[in-house]
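Have a look at data_20.cif; it's mmCIF, C-alpha atoms and all ligand atoms:
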```cif
data_final
loop_
_atom_site.label_atom_id
_atom_site.label_comp_id
_atom_site.auth_asym_id
_atom_site.auth_seq_id
_atom_site.Cartn_x
_atom_site.Cartn_y
_atom_site.Cartn_z
CA MET A 1 10.23 124.89 191.80
CA GLY A 2 12.69 126.89 189.78
CA PHE A 3 15.59 129.00 190.66
CA GLY A 4 17.65 128.30 193.74
CA GLY A 5 15.11 125.78 194.93
CA SER A 6 17.48 123.15 196.17
CA ASP A 7 20.16 123.20 198.76
CA GLU A 8 22.61 121.96 196.13
CA GLY A 9 23.94 123.67 193.06
CA TYR A 10 23.56 127.25 194.13
CA ARG A 11 23.59 129.78 191.42
CA ARG A 12 25.06 133.12 192.13
CA PRO A 13 22.86 136.15 191.63
CA SER A 14 24.11 138.57 189.06
CA GLY A 15 24.22 142.09 190.35
CA ARG A 16 21.68 143.50 192.72
CA VAL A 17 19.43 141.29 194.76
CA THR A 18 16.77 142.24 197.24
CA SER A 19 14.38 140.66 199.69
CA SER A 20 11.03 141.01 201.33
CA LYS A 21 9.24 139.36 204.22
CA ILE A 22 5.95 138.15 205.59
CA VAL A 23 5.37 137.70 209.31
CA ILE A 24 3.60 134.63 210.70
CA ALA A 25 2.25 135.21 214.20
CA GLY A 26 0.37 132.97 216.57
CA GLY A 27 0.56 131.14 219.89
CA PHE A 28 2.88 128.26 220.71
CA GLY A 29 1.99 125.06 218.93
CA VAL A 30 -0.46 126.65 216.51
CA GLY A 31 1.56 125.45 213.52
CA LYS A 32 3.77 128.40 212.54
CA THR A 33 6.88 126.33 211.92
CA THR A 34 4.85 123.69 210.13
CA LEU A 35 3.37 126.35 207.84
CA VAL A 36 6.75 127.90 207.10
CA GLY A 37 8.26 124.48 206.43
CA SER A 38 5.53 123.50 203.99
CA VAL A 39 6.60 126.10 201.41
CA SER A 40 10.17 126.95 202.34
CA GLU A 41 13.02 125.90 200.06
CA ILE A 42 15.21 125.42 203.13
CA THR A 43 14.46 123.45 206.25
CA PRO A 44 13.13 126.11 208.64
CA LEU A 45 15.94 127.70 210.60
CA THR A 46 15.79 129.23 214.04
CA THR A 47 17.41 132.42 215.11
CA GLU A 48 17.40 134.00 218.49
CA ALA A 49 17.34 137.61 219.42
CA ILE A 50 18.38 138.60 222.89
CA MET A 51 17.21 141.75 224.50
CA THR A 52 19.20 143.03 227.41
CA SER A 53 18.76 146.41 228.97
CA ALA A 54 21.83 147.34 226.91
CA SER A 55 20.03 146.79 223.66
CA VAL A 56 17.20 149.12 224.60
CA GLY A 57 19.71 151.90 224.84
CA VAL A 58 20.23 152.29 228.56
CA ASP A 59 23.81 151.19 228.73
CA GLU A 60 26.35 149.76 226.35
CA THR A 61 28.26 147.66 228.81
CA ALA A 62 26.57 144.30 228.83
CA GLY A 63 26.89 141.99 231.77
CA VAL A 64 26.24 144.30 234.65
CA PRO A 65 24.75 142.09 237.36
CA GLY A 66 21.01 142.22 237.67
CA LYS A 67 20.24 142.92 234.06
CA THR A 68 17.31 141.06 232.67
CA THR A 69 17.19 139.40 229.30
CA THR A 70 14.48 138.17 227.06
CA THR A 71 15.24 135.74 224.29
CA VAL A 72 12.86 135.26 221.44
CA ALA A 73 13.29 132.44 218.96
CA MET A 74 12.04 132.92 215.46
CA ASP A 75 11.61 130.20 212.93
CA PHE A 76 11.94 131.23 209.37
CA GLY A 77 11.98 129.95 205.83
CA ARG A 78 12.99 131.18 202.42
CA ILE A 79 11.32 131.27 199.01
CA THR A 80 13.26 132.37 195.96
CA ILE A 81 10.71 134.40 194.00
CA ASP A 82 12.99 135.05 191.09
CA GLN A 83 16.65 135.46 190.35
CA ASP A 84 16.97 138.69 192.32
CA LEU A 85 14.14 138.58 194.85
CA ILE A 86 13.96 136.38 197.92
CA LEU A 87 10.94 136.21 200.19
CA TYR A 88 11.39 135.32 203.87
CA LEU A 89 8.69 134.00 206.15
CA PHE A 90 9.28 134.76 209.82
CA GLY A 91 7.29 132.87 212.41
CA THR A 92 7.22 134.35 215.86
CA PRO A 93 5.26 133.77 219.03
CA GLY A 94 2.60 136.40 219.50
CA GLN A 95 3.33 137.44 223.02
CA THR A 96 3.63 140.92 224.31
CA ARG A 97 6.91 140.23 226.06
CA PHE A 98 8.44 139.75 222.62
CA TRP A 99 7.36 143.06 221.21
CA PHE A 100 10.89 144.40 221.05
CA MET A 101 11.33 141.97 218.20
CA TRP A 102 8.04 142.67 216.51
CA ASP A 103 8.90 146.25 215.74
CA GLU A 104 11.82 145.06 213.72
CA LEU A 105 9.88 142.23 212.14
CA VAL A 106 7.00 144.34 210.83
CA LYS A 107 9.21 147.11 209.50
CA GLY A 108 8.85 147.09 205.72
CA ALA A 109 6.98 143.78 205.74
CA ILE A 110 4.39 142.90 203.09
CA GLY A 111 1.93 141.89 205.77
CA ALA A 112 1.20 139.27 208.37
CA ILE A 113 -0.57 135.97 208.75
CA VAL A 114 -2.20 135.45 212.14
CA LEU A 115 -2.41 131.70 212.54
CA VAL A 116 -5.09 130.55 214.96
CA ASP A 117 -6.26 127.37 216.57
CA THR A 118 -9.99 127.61 217.32
CA ARG A 119 -9.41 125.83 220.65
CA ARG A 120 -7.06 128.57 221.81
CA LEU A 121 -8.27 131.72 220.17
CA ALA A 122 -7.04 134.05 222.89
CA ASP A 123 -3.43 133.20 221.97
CA CYS A 124 -3.65 135.51 218.98
CA PHE A 125 -5.35 138.55 220.53
CA ALA A 126 -2.07 140.34 221.16
CA ALA A 127 -0.92 139.81 217.58
CA VAL A 128 -4.16 141.14 216.11
CA ASP A 129 -3.99 144.19 218.37
CA PHE A 130 -0.41 144.81 217.39
CA PHE A 131 -0.98 144.65 213.64
CA GLU A 132 -4.11 146.80 213.92
CA HIS A 133 -2.18 149.36 215.91
CA ARG A 134 0.74 149.38 213.50
CA GLY A 135 -1.47 149.45 210.42
CA LEU A 136 0.20 146.33 209.01
CA PRO A 137 -2.18 144.43 206.71
CA TYR A 138 -2.91 140.94 208.02
CA LEU A 139 -5.23 138.05 207.49
CA VAL A 140 -6.42 135.37 209.86
CA ALA A 141 -5.69 131.78 208.88
CA VAL A 142 -7.48 129.13 210.91
CA ASN A 143 -5.33 126.01 211.11
CA CYS A 144 -7.68 123.10 210.55
CA PHE A 145 -6.40 120.61 213.07
CA ASP A 146 -9.64 118.68 212.99
CA GLY A 147 -11.34 120.21 210.01
CA VAL A 148 -13.13 123.52 210.23
CA GLN A 149 -16.68 124.39 209.33
CA LEU A 150 -17.59 127.56 207.56
CA HIS A 151 -19.64 128.86 210.49
CA GLN A 152 -16.54 128.53 212.67
CA LEU A 153 -14.73 131.00 210.45
CA GLU A 154 -17.43 133.59 211.09
CA ASP A 155 -17.28 132.78 214.80
CA VAL A 156 -13.54 133.44 214.70
CA ARG A 157 -14.06 136.76 212.93
CA GLU A 158 -16.55 137.77 215.57
CA ALA A 159 -14.47 136.58 218.51
CA LEU A 160 -11.42 138.47 217.25
CA ALA A 161 -13.53 141.50 216.33
CA VAL A 162 -11.67 141.94 213.04
CA GLY A 163 -13.22 144.10 210.34
CA PRO A 164 -15.27 142.63 207.49
CA GLN A 165 -12.50 143.43 204.99
CA VAL A 166 -9.92 141.22 206.77
CA PRO A 167 -9.77 137.77 205.16
CA VAL A 168 -10.48 134.92 207.59
CA ILE A 169 -9.64 131.70 205.81
CA PRO A 170 -9.10 128.03 206.66
CA CYS A 171 -5.74 126.39 206.10
CA ASP A 172 -3.81 123.20 206.62
CA ALA A 173 -0.37 124.27 207.74
CA ARG A 174 1.07 120.91 206.66
CA SER A 175 0.01 121.34 203.06
CA ARG A 176 2.20 123.19 200.62
CA GLU A 177 -0.78 124.00 198.37
CA SER A 178 -2.79 125.34 201.28
CA THR A 179 0.04 127.50 202.61
CA LYS A 180 0.72 128.78 199.12
CA GLN A 181 -2.94 129.78 198.87
CA VAL A 182 -2.76 131.63 202.21
CA LEU A 183 0.28 133.59 201.03
CA ILE A 184 -1.37 134.43 197.71
CA THR A 185 -4.52 135.57 199.51
CA LEU A 186 -2.46 137.88 201.71
CA VAL A 187 -0.56 139.49 198.84
CA GLU A 188 -3.75 139.90 196.78
CA TYR A 189 -5.43 141.50 199.78
CA VAL A 190 -2.57 143.95 200.26
CA LEU A 191 -2.57 144.83 196.56
CA ASN A 192 -6.35 145.34 196.48
CA MET A 193 -6.20 147.51 199.58
CA ARG A 194 -3.66 149.75 197.89
CA ARG A 195 -5.69 150.00 194.69
CA THR A 196 -8.84 150.90 196.66
CA ARG A 197 -6.94 153.53 198.59
CA GLN A 198 -5.53 155.05 195.42
CA THR A 199 -8.92 155.34 193.72
CA THR A 200 -10.65 156.75 196.81
CA PRO A 201 -9.65 160.40 197.09
CA SER A 202 -9.07 162.00 200.49
CA ARG A 203 -9.41 159.52 203.29
CA MET B 1 18.46 130.48 226.81
CA ASN B 2 14.90 131.29 227.70
CA ASP B 3 15.28 131.87 231.41
CA SER B 4 15.19 135.51 232.27
CA ASP B 5 17.05 134.90 235.52
CA GLU B 6 20.08 133.13 234.15
CA PRO B 7 23.44 134.43 235.30
CA SER B 8 24.42 137.64 233.61
CA ASN B 9 27.63 136.07 232.32
CA ALA B 10 25.52 134.18 229.83
CA LEU B 11 24.75 137.53 228.26
CA VAL B 12 28.32 138.51 227.77
CA ARG B 13 29.49 135.31 226.20
CA PRO B 14 27.68 135.59 222.88
CA TYR B 15 29.20 139.01 222.42
CA ALA B 16 32.75 137.84 223.11
CA VAL B 17 33.35 137.51 219.36
CA THR B 18 32.50 141.18 218.95
CA ARG B 19 34.75 142.07 221.87
CA GLY B 20 31.72 143.08 223.82
CA ARG B 21 30.28 145.48 221.29
CA THR B 22 26.54 145.19 221.07
CA ARG B 23 25.96 148.00 218.58
CA PRO B 24 26.63 147.45 214.90
CA ARG B 25 28.35 150.14 212.83
CA VAL B 26 25.31 150.24 210.60
CA GLU B 27 21.83 148.86 211.10
CA ILE B 28 21.16 145.81 208.97
CA ALA B 29 17.65 144.48 208.52
CA ILE B 30 16.98 140.91 209.57
CA GLU B 31 16.08 139.99 205.97
CA ALA B 32 18.89 142.01 204.34
CA LEU B 33 20.93 139.86 201.95
CA VAL B 34 24.64 139.39 202.36
CA GLU B 35 27.06 138.29 199.66
CA THR B 36 30.78 137.78 199.96
CA THR B 37 32.79 140.10 197.73
CA ALA B 38 35.82 139.07 195.67
CA ARG B 39 37.95 140.61 198.41
CA GLY B 40 36.08 138.61 201.06
CA ARG B 41 36.75 135.36 199.17
CA ASP B 42 40.44 135.90 199.70
CA ALA B 43 40.85 134.10 203.01
CA SER B 44 44.10 135.90 203.78
CA VAL B 45 42.36 139.24 204.28
CA VAL B 46 39.56 137.93 206.50
CA GLY B 47 40.51 138.03 210.15
CA GLY B 48 38.79 135.97 212.82
CA ARG B 49 37.26 132.54 212.67
CA GLU B 50 33.66 133.75 212.73
CA GLN B 51 34.26 136.21 209.93
CA GLN B 52 35.91 133.50 207.86
CA LEU B 53 32.95 131.20 208.36
CA ILE B 54 30.51 133.95 207.39
CA ALA B 55 32.58 134.77 204.30
CA GLY B 56 32.50 131.10 203.32
CA LEU B 57 28.76 130.87 203.90
CA CYS B 58 27.88 133.91 201.82
CA ALA B 59 30.27 133.05 199.01
CA LEU B 60 28.24 129.96 198.28
CA ARG B 61 24.88 131.66 198.12
CA VAL B 62 23.43 134.99 199.24
CA GLN B 63 22.12 134.68 202.77
CA SER B 64 19.99 136.93 204.90
CA LEU B 65 21.26 138.19 208.22
CA ALA B 66 18.77 135.81 209.83
CA GLU B 67 20.26 132.83 207.97
CA ILE B 68 23.77 133.83 208.95
CA ALA B 69 22.81 134.05 212.62
CA ALA B 70 20.97 130.73 212.50
CA ARG B 71 23.72 128.85 210.65
CA MET B 72 26.43 130.37 212.84
CA GLN B 73 24.31 129.57 215.91
CA MET B 74 24.76 133.04 217.24
CA PRO B 75 22.19 135.59 218.37
CA LEU B 76 20.97 137.96 215.70
CA GLY B 77 22.61 140.95 217.36
CA VAL B 78 26.03 139.31 217.31
CA ALA B 79 25.75 138.40 213.63
CA ARG B 80 24.69 141.97 212.90
CA VAL B 81 27.80 143.45 214.53
CA LEU B 82 30.09 141.03 212.66
CA VAL B 83 28.43 141.54 209.27
CA ALA B 84 28.49 145.32 209.69
CA ASP B 85 32.23 145.13 210.40
CA MET B 86 32.77 142.91 207.37
CA ALA B 87 30.79 145.29 205.16
CA ALA B 88 32.90 148.20 206.37
CA ASP B 89 36.01 146.21 205.44
CA GLY B 90 34.64 145.43 201.98
CA LEU B 91 34.44 141.70 202.67
CA VAL B 92 30.73 141.42 202.06
CA ALA B 93 28.09 143.38 200.19
CA VAL B 94 24.82 144.00 202.00
CA TYR B 95 21.66 144.36 199.91
CA GLU B 96 18.86 146.12 201.68
CA PRO B 97 15.35 144.70 201.51
CA THR B 98 12.66 146.43 199.51
CA ALA B 99 10.27 147.86 202.06
CA VAL B 100 6.64 147.83 201.07
CA GLY B 101 5.79 151.48 201.41
CA ASP B 102 2.95 153.37 199.77
CA ASP B 103 4.87 153.96 196.57
CA ALA B 104 5.10 152.39 193.13
CA VAL B 105 8.15 150.40 194.24
CA GLY B 106 5.97 148.64 196.80
CA THR B 107 3.30 147.84 194.23
CA GLU B 108 5.82 146.44 191.80
CA LEU B 109 7.34 144.29 194.51
CA LEU B 110 3.94 142.94 195.54
CA GLU B 111 3.15 142.04 191.96
CA ARG B 112 6.43 140.22 191.56
CA VAL B 113 5.88 138.31 194.80
CA LEU B 114 2.35 137.40 193.76
CA SER B 115 3.36 135.97 190.41
CA GLY B 116 6.29 134.19 192.04
CA LEU B 117 3.98 132.55 194.58
CA ARG B 118 1.57 131.48 191.84
CA ARG B 119 4.44 129.80 190.02
CA LEU B 120 5.47 127.78 193.08
N1 LIG C 301 -3.04 117.47 212.93
C1 LIG C 301 -2.38 118.60 212.67
N2 LIG C 301 -1.24 118.85 213.34
C2 LIG C 301 -0.58 119.99 213.07
C3 LIG C 301 -1.04 120.92 212.12
N3 LIG C 301 -0.19 121.98 212.09
C4 LIG C 301 0.76 121.71 213.00
N4 LIG C 301 0.56 120.51 213.59
C5 LIG C 301 1.36 119.90 214.65
O1 LIG C 301 1.29 120.74 215.79
C6 LIG C 301 2.53 120.79 216.47
C7 LIG C 301 3.02 122.21 216.65
O2 LIG C 301 3.30 122.78 215.37
P1 LIG C 301 4.47 123.85 215.16
O3 LIG C 301 4.48 124.14 213.71
O4 LIG C 301 5.73 123.43 215.79
O5 LIG C 301 3.86 125.08 215.98
P2 LIG C 301 4.54 126.49 216.34
O6 LIG C 301 4.86 126.45 217.79
O7 LIG C 301 3.44 127.48 216.08
O8 LIG C 301 5.71 126.69 215.46
C8 LIG C 301 3.49 119.94 215.66
O9 LIG C 301 3.58 118.67 216.27
C9 LIG C 301 2.83 119.85 214.29
O10 LIG C 301 3.17 118.64 213.64
C10 LIG C 301 -2.26 120.62 211.40
O11 LIG C 301 -2.75 121.36 210.57
N5 LIG C 301 -2.88 119.44 211.73
MG MG C 302 7.70 127.11 216.01
#
```

Final structure tokens representation of the file:
Amino acid sequence: MGFGGSDEGYRRPSGRVTSSKIVIAGGFGVGKTTLVGSVSEITPLTTEAIMTSASVGVDETAGVPGKTTTTVAMDFGRITIDQDLILYLFGTPGQTRFWFMWDELVKGAIGAIVLVDTRRLADCFAAVDFFEHRGLPYLVAVNCFDGVQLHQLEDVREALAVGPQVPVIPCDARSRESTKQVLITLVEYVLNMRRTRQTTPSR
Amino acid sequence: MNDSDEPSNALVRPYAVTRGRTRPRVEIAIEALVETTARGRDASVVGGREQQLIAGLCALRVQSLAEIAARMQMPLGVARVLVADMAADGLVAVYEPTAVGDDAVGTELLERVLSGLRRL
């Protein structure tokens, strides 16, 4: 696994380090945490963000009676890419009431994985809309709870109305190899998109 | 924590350690990396239990803001205020993430990530 891969024996980075992130979106129970955990070098952690009316800039004094809050829990994992680059995977529920968090999550991100369960496709509509709207590259990974046939992948593409260029691929969120392949597919897709854009003048 | 109609006091409590401040001195990305400086490893200059714990955490290994919040069991916003204070006091160094923009920096980052993933 390489550098920094275990929770013991940390090595200190020398000089500048930096990080990047990939967002994993999908409905509750679709397997986001499982997917993150299958490749993460740490047991997935959970962090909570609270939005009060104060944090949307109305008022700085928290705790005024009647304020509403929304809490969104994100599960995340960590992959040390090399000595000075750490990749984070953030899993978050794809629900519109959590969008305050999504803005922050997608900012500067490599791209997103929309994880879907064919039995509950509608759970990911909001996420697909959001990434389309924000122009964040994404792919659709179908978590194969009971095995998935090829024709189902095309059904998913059609049901989600995603463009022909967007990868729609099967995965097993429990498998490290499978998750690794999903991540590689996403990064390759993002790189190819950039190369195409650069060689196509005036778009 | 998920109920939207919980008493408003529950909102204030997490921010008690920041003395009620909900705005950090500087914005810090959720995946920004934090490392304790030599100054921050000197316990005598670090005030406050939370700050001491954070300094200990990030002396061992660089941690993202998200990891700090999770390991400290505090909301992200609270961790952000504390870390921003510590950075201002020279107790920690904050390394910004590399955003994947349309530039060569983004392409280089993607290539590094790709080869790193293939090596996993
Ligand atoms: N059979 C099977 N179960 C899975 C798979 N992925 C996740 N699960 C299970 O589905 C449940 C929900 O997964 P979780 O990762 O917590 O979903 P999350 O809410 O999206 O984070 C857990 O009990 C997992 O063990 C899969 O590919 N196959
Ligand atoms: Mg989860």

Legend entry - All residues having an atom within 7 Å of ligand LIG 301 (chain C) (all atoms listed in the file) as JSON, numbers by chain: {"A": [26, 27, 28, 29, 30, 31, 32, 33, 34, 35, 143, 144, 145, 146, 172, 173, 174]}

Legend entry - Selection: 9 Å around Arg112 (chain B), all atoms listed in the file, excl. self and same-chain fewer than 4 positions, as a VMD selection string: (chain A and resid 81 to 82 85) or (chain B and resid 107 to 108 116 to 117)

Using the selection just defined, write its residues with C-alpha atoms as a short mmCIF file (atom, residue, chain, number, x, y, z; two decimals), in the coordinates of the input.
```cif
data_model
loop_
_atom_site.label_atom_id
_atom_site.label_comp_id
_atom_site.auth_asym_id
_atom_site.auth_seq_id
_atom_site.Cartn_x
_atom_site.Cartn_y
_atom_site.Cartn_z
CA ILE A 81 10.71 134.40 194.00
CA ASP A 82 12.99 135.05 191.09
CA LEU A 85 14.14 138.58 194.85
CA THR B 107 3.30 147.84 194.23
CA GLU B 108 5.82 146.44 191.80
CA GLY B 116 6.29 134.19 192.04
CA LEU B 117 3.98 132.55 194.58
#
```

Inset, instruction - Choose the residue, out of B:Leu120, B:Leu82, B:Leu65, B:Ala88, that has the smallest atom-to-atom separation from chain A; count all atoms listed in the file. - result: B:Leu120

Inset, instruction - Report the distance between CA of Arg16 (chain A) and CA of Ile30 (chain B) in Å, rounded to one decimal place. - result: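 Value for the CA of Arg16 (chain A)-CA of Ile30 (chain B) distance: 17.7 Å.
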
Legend entry - Atomic distance CA of Gln73 (chain B) - CA of Glu41 (chain A), expressed in Å with one decimal: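 Pair CA of Gln73 (chain B) / CA of Glu41 (chain A) returns 19.8 Å.
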
At a cut-off of 9 Å, can you tabulate as JSON lines every residue of chain B near chain A together with its closest atom pair and the distance in Å to one decimal, using all atoms listed in the file and ordering rows by chain then number?
```
{"residue": "B:Met1", "atom": "CA", "partner": "A:Thr71", "partner_atom": "CA", "distance": 6.7}
{"residue": "B:Asn2", "atom": "CA", "partner": "A:Thr71", "partner_atom": "CA", "distance": 5.6}
{"residue": "B:Asp3", "atom": "CA", "partner": "A:Thr70", "partner_atom": "CA", "distance": 7.7}
{"residue": "B:Ser4", "atom": "CA", "partner": "A:Thr69", "partner_atom": "CA", "distance": 5.3}
{"residue": "B:Asp5", "atom": "CA", "partner": "A:Thr68", "partner_atom": "CA", "distance": 6.8}
{"residue": "B:Glu6", "atom": "CA", "partner": "A:Thr69", "partner_atom": "CA", "distance": 8.4}
{"residue": "B:Pro7", "atom": "CA", "partner": "A:Pro65", "partner_atom": "CA", "distance": 8.0}
{"residue": "B:Ser8", "atom": "CA", "partner": "A:Gly63", "partner_atom": "CA", "distance": 5.3}
{"residue": "B:Asn9", "atom": "CA", "partner": "A:Gly63", "partner_atom": "CA", "distance": 6.0}
{"residue": "B:Ala10", "atom": "CA", "partner": "A:Gly63", "partner_atom": "CA", "distance": 8.2}
{"residue": "B:Leu11", "atom": "CA", "partner": "A:Gly63", "partner_atom": "CA", "distance": 6.1}
{"residue": "B:Val12", "atom": "CA", "partner": "A:Gly63", "partner_atom": "CA", "distance": 5.5}
{"residue": "B:Tyr15", "atom": "CA", "partner": "A:Ala62", "partner_atom": "CA", "distance": 8.7}
{"residue": "B:Gly20", "atom": "CA", "partner": "A:Ala62", "partner_atom": "CA", "distance": 7.3}
{"residue": "B:Arg21", "atom": "CA", "partner": "A:Glu60", "partner_atom": "CA", "distance": 7.7}
{"residue": "B:Thr22", "atom": "CA", "partner": "A:Glu60", "partner_atom": "CA", "distance": 7.0}
{"residue": "B:Arg23", "atom": "CA", "partner": "A:Ser55", "partner_atom": "CA", "distance": 7.9}
{"residue": "B:Ala29", "atom": "CA", "partner": "A:Glu104", "partner_atom": "CA", "distance": 7.8}
{"residue": "B:Ile30", "atom": "CA", "partner": "A:Leu105", "partner_atom": "CA", "distance": 7.7}
{"residue": "B:Glu31", "atom": "CA", "partner": "A:Ser19", "partner_atom": "CA", "distance": 6.5}
{"residue": "B:Ala32", "atom": "CA", "partner": "A:Ser19", "partner_atom": "CA", "distance": 6.6}
{"residue": "B:Leu33", "atom": "CA", "partner": "A:Thr18", "partner_atom": "CA", "distance": 6.7}
{"residue": "B:Ala59", "atom": "CA", "partner": "A:Arg12", "partner_atom": "CA", "distance": 8.6}
{"residue": "B:Leu60", "atom": "CA", "partner": "A:Tyr10", "partner_atom": "CA", "distance": 6.8}
{"residue": "B:Arg61", "atom": "CA", "partner": "A:Tyr10", "partner_atom": "CA", "distance": 6.1}
{"residue": "B:Val62", "atom": "CA", "partner": "A:Arg12", "partner_atom": "CA", "distance": 7.5}
{"residue": "B:Ser64", "atom": "CA", "partner": "A:Ser19", "partner_atom": "CA", "distance": 8.5}
{"residue": "B:Ala66", "atom": "CA", "partner": "A:Thr47", "partner_atom": "CA", "distance": 6.4}
{"residue": "B:Glu67", "atom": "CA", "partner": "A:Leu45", "partner_atom": "CA", "distance": 7.2}
{"residue": "B:Ile68", "atom": "CA", "partner": "A:Thr47", "partner_atom": "CA", "distance": 9.0}
{"residue": "B:Ala69", "atom": "CA", "partner": "A:Thr47", "partner_atom": "CA", "distance": 6.2}
{"residue": "B:Ala70", "atom": "CA", "partner": "A:Thr47", "partner_atom": "CA", "distance": 4.7}
{"residue": "B:Arg71", "atom": "CA", "partner": "A:Leu45", "partner_atom": "CA", "distance": 7.9}
{"residue": "B:Gln73", "atom": "CA", "partner": "A:Thr47", "partner_atom": "CA", "distance": 7.5}
{"residue": "B:Met74", "atom": "CA", "partner": "A:Glu48", "partner_atom": "CA", "distance": 7.5}
{"residue": "B:Pro75", "atom": "CA", "partner": "A:Glu48", "partner_atom": "CA", "distance": 5.0}
{"residue": "B:Leu76", "atom": "CA", "partner": "A:Ala49", "partner_atom": "CA", "distance": 5.2}
{"residue": "B:Gly77", "atom": "CA", "partner": "A:Ala49", "partner_atom": "CA", "distance": 6.6}
{"residue": "B:Tyr95", "atom": "CA", "partner": "A:Thr18", "partner_atom": "CA", "distance": 6.0}
{"residue": "B:Glu96", "atom": "CA", "partner": "A:Thr18", "partner_atom": "CA", "distance": 6.3}
{"residue": "B:Pro97", "atom": "CA", "partner": "A:Ser19", "partner_atom": "CA", "distance": 4.5}
{"residue": "B:Thr98", "atom": "CA", "partner": "A:Ser20", "partner_atom": "CA", "distance": 5.9}
{"residue": "B:Ala99", "atom": "CA", "partner": "A:Gly108", "partner_atom": "CA", "distance": 4.0}
{"residue": "B:Val100", "atom": "CA", "partner": "A:Gly108", "partner_atom": "CA", "distance": 5.2}
{"residue": "B:Gly101", "atom": "CA", "partner": "A:Gly108", "partner_atom": "CA", "distance": 6.9}
{"residue": "B:Asp102", "atom": "CA", "partner": "A:Arg194", "partner_atom": "CA", "distance": 7.8}
{"residue": "B:Gly106", "atom": "CA", "partner": "A:Ile110", "partner_atom": "CA", "distance": 8.7}
{"residue": "B:Thr107", "atom": "CA", "partner": "A:Leu191", "partner_atom": "CA", "distance": 7.0}
{"residue": "B:Leu109", "atom": "CA", "partner": "A:Ser20", "partner_atom": "CA", "distance": 8.4}
{"residue": "B:Leu110", "atom": "CA", "partner": "A:Val187", "partner_atom": "CA", "distance": 6.6}
{"residue": "B:Glu111", "atom": "CA", "partner": "A:Leu191", "partner_atom": "CA", "distance": 7.9}
{"residue": "B:Arg112", "atom": "CA", "partner": "A:Ile81", "partner_atom": "CA", "distance": 7.6}
{"residue": "B:Val113", "atom": "CA", "partner": "A:Ile81", "partner_atom": "CA", "distance": 6.3}
{"residue": "B:Leu114", "atom": "CA", "partner": "A:Ile184", "partner_atom": "CA", "distance": 6.2}
{"residue": "B:Ser115", "atom": "CA", "partner": "A:Ile81", "partner_atom": "CA", "distance": 8.3}
{"residue": "B:Gly116", "atom": "CA", "partner": "A:Ile81", "partner_atom": "CA", "distance": 4.8}
{"residue": "B:Leu117", "atom": "CA", "partner": "A:Ile184", "partner_atom": "CA", "distance": 6.5}
{"residue": "B:Arg118", "atom": "CA", "partner": "A:Ile184", "partner_atom": "CA", "distance": 7.2}
{"residue": "B:Arg119", "atom": "CA", "partner": "A:Met1", "partner_atom": "CA", "distance": 7.8}
{"residue": "B:Leu120", "atom": "CA", "partner": "A:Met1", "partner_atom": "CA", "distance": 5.7}
```

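Coordinates place CA of Ile28 (chain B) at a distance of 28.6 Å from CA of Val182 (chain A).
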
Please work out which residues fall within 9 Å of (27.2, 151.4, 212.9), coordinates as given in the file, with all atoms listed in the file counting, and return them as a CSV table (one decimal) with C-alpha atoms, in the coordinates of the input.
```csv
chain,number,residue,atom,x,y,z
B,23,ARG,CA,26.0,148.0,218.6
B,24,PRO,CA,26.6,147.4,214.9
B,25,ARG,CA,28.4,150.1,212.8
B,26,VAL,CA,25.3,150.2,210.6
B,27,GLU,CA,21.8,148.9,211.1
B,81,VAL,CA,27.8,143.4,214.5
B,84,ALA,CA,28.5,145.3,209.7
B,85,ASP,CA,32.2,145.1,210.4
```
